[in-house]
Amino acid sequence: MTYNKAYFQDLIIEQIAGTISEKGNRLLNEAIQNDPRVKQLWDEMQQTLSSDKAQNFLNNIDENKAWDKIEPEIKSVRPGSSHRLQITKWLSVAALLFIAFTAGYYWRKTPVTENVVAKKDTKAPAIELRMANGQHIDLSDTSKKTISVPFAHLKKGSNGLSYQLDDNKTAEWSTLVIPAKLNYRIVLSDGTQVWLNSVSSLRFPFAFSDKTRDVYLTGEAFFKVAKNAAQPFIVHTGLTDVRVLGTEFNVNTYQTDKTVTSLVEGSVSTSGQDKQKMLLKPGYQAVYTPVAGFTSQTFDPAVELAWMNDIYYFHNTKLHDISDVLLRWFDVKVVFDDPAKADETFSGAVQKNKSIDVFIHNIKTSAGVNAVLKDGVLHIK
């Protein structure tokens, strides 16, 4: 095996960050066991981080300044960008490096292992289309690619759901429900595309026959709205209404007392319960709470929309807030046996396509907590 120091340093960092591929993880573990040079590199990194000189350096790191250095790397990244995966991967690794420099992170000899905890023997959650007539259609069933309903033909594919209406176009309403662990995409009758995050729902008419195109959202979704100046598209949430003519934006309603609308392209007008309104420009998001009303701030698409690539980034986020993501993405409830731990902060990433054991490993080593997963409940001690 050719020895490339920088390459193996990257593999070690990726393993700690939980972003390493199965092939890379296997290669690194074999190299540590069989190549004295890689083993020496591993030991040197341990020794360096545990030295007094390193600790003095770590204690003087300004985490905020370090984090600011990442931001230029992820500016102006849009969903679907060819550089998106490389940037989000870098951000994940960088976030975990800040943990190393602020929480005494140490390099472990024990490799990260996945799926070491037995999963609950339960039926897999299903994506459902709930029709107005009471019929529930299981969209997770891969045995049927097309389904006929009285007024349309539903087409299921790898990219989600689309449908073709019969001549008798009906405005009958249905609700698309996405359970924990999954996400889904639907193409509406006007060509609007909607990506729904886990534990979300979209209520929509099969045909838009009114003066406006109205849908109702719970949870989180990214909208790519087909342009139609004569028929505005309106997303109704529990707290706000988002009105557009044709644009790309994200709406997050997971918190019951806050709605966040993030504009990627075009323009949107959002209004709150108190009739207050805000017009957004691309690169800005509107944060609405009943108490404070609207506030506007910039956002990084690579972070805000990372969920579309099954990644969630967090920086100085309370463990209590991260626990909500674990419930949605892994169907794992978090219990704080030590209530004080709920307010401790953590920086890093969660990846939906990796075992939750990777995340548990990271918070154990970086946040100084004892986390145990048992019967679908994660106990933080």
# chains A, B, ... in the order shown; residues from 1 in each chain; ligands from 1
>>> residues_around(residues="A:Glu344", least_positions_apart="5", cutoff="9 Å", atoms="only C-alpha atoms", output="CSV table (one decimal) with N, CA, C and O atoms, in the first residue's frame")
chain,number,residue,atom,x,y,z
A,316,ASN,N,-22.9,24.9,18.2
A,316,ASN,CA,-23.3,25.4,19.5
A,316,ASN,C,-24.8,25.2,19.8
A,316,ASN,O,-25.4,26.1,20.3
A,317,THR,N,-25.3,24.1,19.4
A,317,THR,CA,-26.7,23.8,19.6
A,317,THR,C,-26.9,22.9,20.8
A,317,THR,O,-26.2,22.0,21.1
A,318,LYS,N,-28.0,23.3,21.6
A,318,LYS,CA,-28.3,22.5,22.8
A,318,LYS,C,-28.7,21.1,22.4
A,318,LYS,O,-29.4,20.8,21.4
A,319,LEU,N,-28.2,20.2,23.3
A,319,LEU,CA,-28.6,18.8,23.1
A,319,LEU,C,-30.1,18.5,23.1
A,319,LEU,O,-30.6,17.6,22.4
A,320,HIS,N,-30.8,19.4,23.8
A,320,HIS,CA,-32.3,19.2,23.8
A,320,HIS,C,-32.8,19.5,22.4
A,320,HIS,O,-33.8,18.8,21.9
A,367,ALA,N,-18.7,15.6,23.7
A,367,ALA,CA,-19.5,16.4,24.6
A,367,ALA,C,-19.4,16.0,26.1
A,367,ALA,O,-20.0,16.6,26.9
>>> closest_residue(among="A:Leu11, A:Val149, A:Ala229, A:Leu378", to="A:Val332", atoms="only C-alpha atoms")
A:Leu378
>>> residues_around(residues="A:Ala292", least_positions_apart="6", cutoff="12 Å", atoms="only C-alpha atoms", output="count of residues only")
8
>>> residues_around(residues="A:Thr142", least_positions_apart="2", cutoff="9 Å", atoms="only C-alpha atoms", output="count of residues only")
6
>>> residues_around(residues="A:Phe233", least_positions_apart="4", cutoff="8 Å", atoms="only C-alpha atoms", output="JSON, numbers by chain")
{"A": [212, 213, 214, 225, 243, 244, 245, 246]}
>>> write_last_selection(atoms="all heavy atoms", output="tab-separated table (two decimals), in the first residue's frame")
chain	number	residue	atom	x	y	z
A	212	THR	N	-56.21	31.32	-6.41
A	212	THR	CA	-54.89	31.09	-5.82
A	212	THR	C	-54.63	29.59	-5.74
A	212	THR	O	-55.56	28.77	-5.73
A	212	THR	CB	-54.79	31.70	-4.41
A	212	THR	OG1	-55.83	31.17	-3.59
A	212	THR	CG2	-54.91	33.22	-4.46
A	213	ARG	N	-53.35	29.24	-5.68
A	213	ARG	CA	-52.94	27.85	-5.51
A	213	ARG	C	-52.56	27.67	-4.04
A	213	ARG	O	-51.47	28.05	-3.63
A	213	ARG	CB	-51.75	27.53	-6.42
A	213	ARG	CG	-52.06	27.61	-7.91
A	213	ARG	CD	-50.81	27.48	-8.75
A	213	ARG	NE	-49.98	28.69	-8.70
A	213	ARG	CZ	-48.73	28.79	-9.17
A	213	ARG	NH1	-48.14	27.71	-9.70
A	213	ARG	NH2	-48.07	29.92	-9.09
A	214	ASP	N	-53.44	27.07	-3.26
A	214	ASP	CA	-53.26	26.99	-1.82
A	214	ASP	C	-52.86	25.57	-1.40
A	214	ASP	O	-53.45	24.58	-1.86
A	214	ASP	CB	-54.55	27.36	-1.09
A	214	ASP	CG	-54.95	28.80	-1.33
A	214	ASP	OD1	-55.66	29.06	-2.34
A	214	ASP	OD2	-54.56	29.66	-0.52
A	225	VAL	N	-41.64	26.38	-7.02
A	225	VAL	CA	-42.99	26.69	-7.50
A	225	VAL	C	-42.98	27.05	-8.98
A	225	VAL	O	-42.18	27.89	-9.42
A	225	VAL	CB	-43.59	27.85	-6.67
A	225	VAL	CG1	-44.97	28.22	-7.21
A	225	VAL	CG2	-43.68	27.44	-5.20
A	243	ARG	N	-46.64	33.74	0.29
A	243	ARG	CA	-47.27	33.99	-1.01
A	243	ARG	C	-46.19	34.22	-2.07
A	243	ARG	O	-45.33	35.09	-1.90
A	243	ARG	CB	-48.19	35.21	-0.91
A	243	ARG	CG	-49.01	35.53	-2.16
A	243	ARG	CD	-49.78	36.82	-1.95
A	243	ARG	NE	-50.63	37.15	-3.08
A	243	ARG	CZ	-51.92	36.87	-3.17
A	243	ARG	NH1	-52.52	36.26	-2.17
A	243	ARG	NH2	-52.62	37.20	-4.24
A	244	VAL	N	-46.26	33.46	-3.16
A	244	VAL	CA	-45.27	33.57	-4.23
A	244	VAL	C	-45.97	33.44	-5.58
A	244	VAL	O	-47.11	32.97	-5.67
A	244	VAL	CB	-44.17	32.48	-4.12
A	244	VAL	CG1	-43.51	32.51	-2.76
A	244	VAL	CG2	-44.74	31.10	-4.38
A	245	LEU	N	-45.25	33.86	-6.62
A	245	LEU	CA	-45.73	33.67	-7.99
A	245	LEU	C	-44.99	32.54	-8.68
A	245	LEU	O	-45.54	31.84	-9.53
A	245	LEU	CB	-45.57	34.97	-8.79
A	245	LEU	CG	-46.34	36.17	-8.24
A	245	LEU	CD1	-46.06	37.41	-9.09
A	245	LEU	CD2	-47.83	35.89	-8.18
A	246	GLY	N	-43.74	32.34	-8.31
A	246	GLY	CA	-42.91	31.28	-8.86
A	246	GLY	C	-41.50	31.45	-8.36
A	246	GLY	O	-40.84	32.43	-8.72
>>> residues_around(residues="A:Val194", least_positions_apart="6", cutoff="9 Å", atoms="only C-alpha atoms", output="JSON, numbers by chain")
{"A": [184, 185, 186, 187, 188, 202, 221, 222, 223, 224, 225]}
>>> residues_around(residues="A:Phe299", least_positions_apart="4", cutoff="10 Å", atoms="only C-alpha atoms", output="PyMOL selection string")
chain A and resi 75-76+262-264+282-286+303-305
>>> select_by_dssp(residues="stretch 299-342 of chain A", states="strand (DSSP E or B)", output="PyMOL selection string")
chain A and resi 311-318+333-336
>>> write_last_selection(atoms="C-alpha atoms", output="PDB file, in the first residue's frame")
ATOM      1  CA  ILE A 311     -27.483  15.808   6.638  1.00  0.00           C
ATOM      2  CA  TYR A 312     -28.210  18.090   9.577  1.00  0.00           C
ATOM      3  CA  TYR A 313     -25.514  20.513  10.756  1.00  0.00           C
ATOM      4  CA  PHE A 314     -25.471  22.190  14.133  1.00  0.00           C
ATOM      5  CA  HIS A 315     -23.110  24.636  15.822  1.00  0.00           C
ATOM      6  CA  ASN A 316     -23.269  25.385  19.534  1.00  0.00           C
ATOM      7  CA  THR A 317     -26.706  23.766  19.567  1.00  0.00           C
ATOM      8  CA  LYS A 318     -28.273  22.519  22.784  1.00  0.00           C
ATOM      9  CA  LYS A 333     -36.689   9.320  21.761  1.00  0.00           C
ATOM     10  CA  VAL A 334     -34.087  11.093  23.913  1.00  0.00           C
ATOM     11  CA  VAL A 335     -34.390  11.060  27.708  1.00  0.00           C
ATOM     12  CA  PHE A 336     -32.074  13.218  29.802  1.00  0.00           C
TER      13      PHE A 336
END
>>> closest_residue(among="A:Gly160, A:Gly219, A:Pro301, A:Gly376", to="A:Ile356", atoms="only C-alpha atoms")
A:Gly376
>>> atom_distance(atom1="atom CA of A:Lys211", atom2="atom CA of A:Gln231")
5.6 Å
>>> atom_distance(atom1="atom CA of A:Lys277", atom2="atom CA of A:Thr192")
23.9 Å
>>> atom_distance(atom1="atom CA of A:His361", atom2="atom CA of A:Gln40")
23.3 Å
>>> closest_residue(among="A:Asp357, A:Thr146, A:Ala302, A:Phe8", to="A:Leu27", atoms="only C-alpha atoms")
A:Phe8
>>> closest_residue(among="A:Asn353, A:Gln164, A:Thr240, A:Ser143", to="A:Ser189", atoms="only C-alpha atoms")
A:Gln164
>>> closest_residue(among="A:Ala126, A:Met308, A:Leu239, A:Ile147", to="A:Leu196", atoms="only C-alpha atoms")
A:Met308
>>> decode(residues="stretch 356-379 of chain A", atoms="N, CA, C and O atoms", output="tab-separated table (two decimals), in the first residue's frame")
chain	number	residue	atom	x	y	z
A	356	ILE	N	-27.32	5.63	13.93
A	356	ILE	CA	-27.30	6.58	15.05
A	356	ILE	C	-26.13	6.30	15.98
A	356	ILE	O	-25.71	7.16	16.75
A	357	ASP	N	-25.56	5.09	15.91
A	357	ASP	CA	-24.41	4.77	16.74
A	357	ASP	C	-23.22	5.67	16.45
A	357	ASP	O	-22.40	5.93	17.32
A	358	VAL	N	-23.11	6.16	15.20
A	358	VAL	CA	-22.04	7.09	14.85
A	358	VAL	C	-22.21	8.38	15.63
A	358	VAL	O	-21.26	8.93	16.19
A	359	PHE	N	-23.44	8.90	15.68
A	359	PHE	CA	-23.71	10.12	16.43
A	359	PHE	C	-23.46	9.89	17.92
A	359	PHE	O	-22.88	10.75	18.60
A	360	ILE	N	-23.89	8.75	18.45
A	360	ILE	CA	-23.68	8.45	19.86
A	360	ILE	C	-22.19	8.44	20.18
A	360	ILE	O	-21.74	8.98	21.20
A	361	HIS	N	-21.41	7.85	19.31
A	361	HIS	CA	-19.95	7.81	19.49
A	361	HIS	C	-19.39	9.23	19.57
A	361	HIS	O	-18.56	9.54	20.42
A	362	ASN	N	-19.87	10.11	18.68
A	362	ASN	CA	-19.34	11.47	18.63
A	362	ASN	C	-19.68	12.27	19.88
A	362	ASN	O	-18.82	12.98	20.41
A	363	ILE	N	-20.92	12.18	20.36
A	363	ILE	CA	-21.26	12.98	21.54
A	363	ILE	C	-20.60	12.41	22.80
A	363	ILE	O	-20.33	13.15	23.74
A	364	LYS	N	-20.34	11.11	22.81
A	364	LYS	CA	-19.64	10.54	23.95
A	364	LYS	C	-18.23	11.11	24.06
A	364	LYS	O	-17.77	11.46	25.14
A	365	THR	N	-17.55	11.19	22.93
A	365	THR	CA	-16.15	11.59	22.94
A	365	THR	C	-15.95	13.09	22.93
A	365	THR	O	-14.91	13.58	23.36
A	366	SER	N	-16.93	13.85	22.46
A	366	SER	CA	-16.73	15.29	22.32
A	366	SER	C	-17.52	16.12	23.31
A	366	SER	O	-17.07	17.20	23.68
A	367	ALA	N	-18.68	15.64	23.73
A	367	ALA	CA	-19.51	16.43	24.63
A	367	ALA	C	-19.40	15.98	26.07
A	367	ALA	O	-20.01	16.57	26.95
A	368	GLY	N	-18.62	14.93	26.32
A	368	GLY	CA	-18.42	14.48	27.69
A	368	GLY	C	-19.67	13.93	28.34
A	368	GLY	O	-19.89	14.13	29.53
A	369	VAL	N	-20.51	13.24	27.54
A	369	VAL	CA	-21.72	12.66	28.10
A	369	VAL	C	-21.70	11.15	27.93
A	369	VAL	O	-21.00	10.62	27.07
A	370	ASN	N	-22.46	10.48	28.76
A	370	ASN	CA	-22.63	9.04	28.65
A	370	ASN	C	-23.98	8.80	28.00
A	370	ASN	O	-25.02	9.13	28.57
A	371	ALA	N	-23.99	8.26	26.80
A	371	ALA	CA	-25.23	8.04	26.06
A	371	ALA	C	-25.42	6.56	25.80
A	371	ALA	O	-24.51	5.89	25.30
A	372	VAL	N	-26.59	6.05	26.15
A	372	VAL	CA	-26.89	4.64	25.99
A	372	VAL	C	-28.23	4.49	25.27
A	372	VAL	O	-29.23	5.07	25.69
A	373	LEU	N	-28.23	3.71	24.18
A	373	LEU	CA	-29.45	3.46	23.42
A	373	LEU	C	-30.03	2.12	23.83
A	373	LEU	O	-29.38	1.08	23.75
A	374	LYS	N	-31.27	2.14	24.30
A	374	LYS	CA	-31.92	0.91	24.75
A	374	LYS	C	-33.40	0.97	24.40
A	374	LYS	O	-34.10	1.90	24.78
A	375	ASP	N	-33.86	-0.05	23.66
A	375	ASP	CA	-35.28	-0.17	23.29
A	375	ASP	C	-35.81	1.10	22.62
A	375	ASP	O	-36.93	1.56	22.91
A	376	GLY	N	-35.01	1.67	21.74
A	376	GLY	CA	-35.46	2.84	20.99
A	376	GLY	C	-35.44	4.14	21.76
A	376	GLY	O	-35.93	5.15	21.28
A	377	VAL	N	-34.84	4.14	22.96
A	377	VAL	CA	-34.73	5.35	23.76
A	377	VAL	C	-33.26	5.63	24.03
A	377	VAL	O	-32.52	4.74	24.49
A	378	LEU	N	-32.81	6.84	23.74
A	378	LEU	CA	-31.43	7.24	23.99
A	378	LEU	C	-31.38	7.95	25.32
A	378	LEU	O	-31.95	9.03	25.49
A	379	HIS	N	-30.66	7.36	26.27
A	379	HIS	CA	-30.52	7.94	27.61
A	379	HIS	C	-29.23	8.74	27.68
A	379	HIS	O	-28.15	8.22	27.43
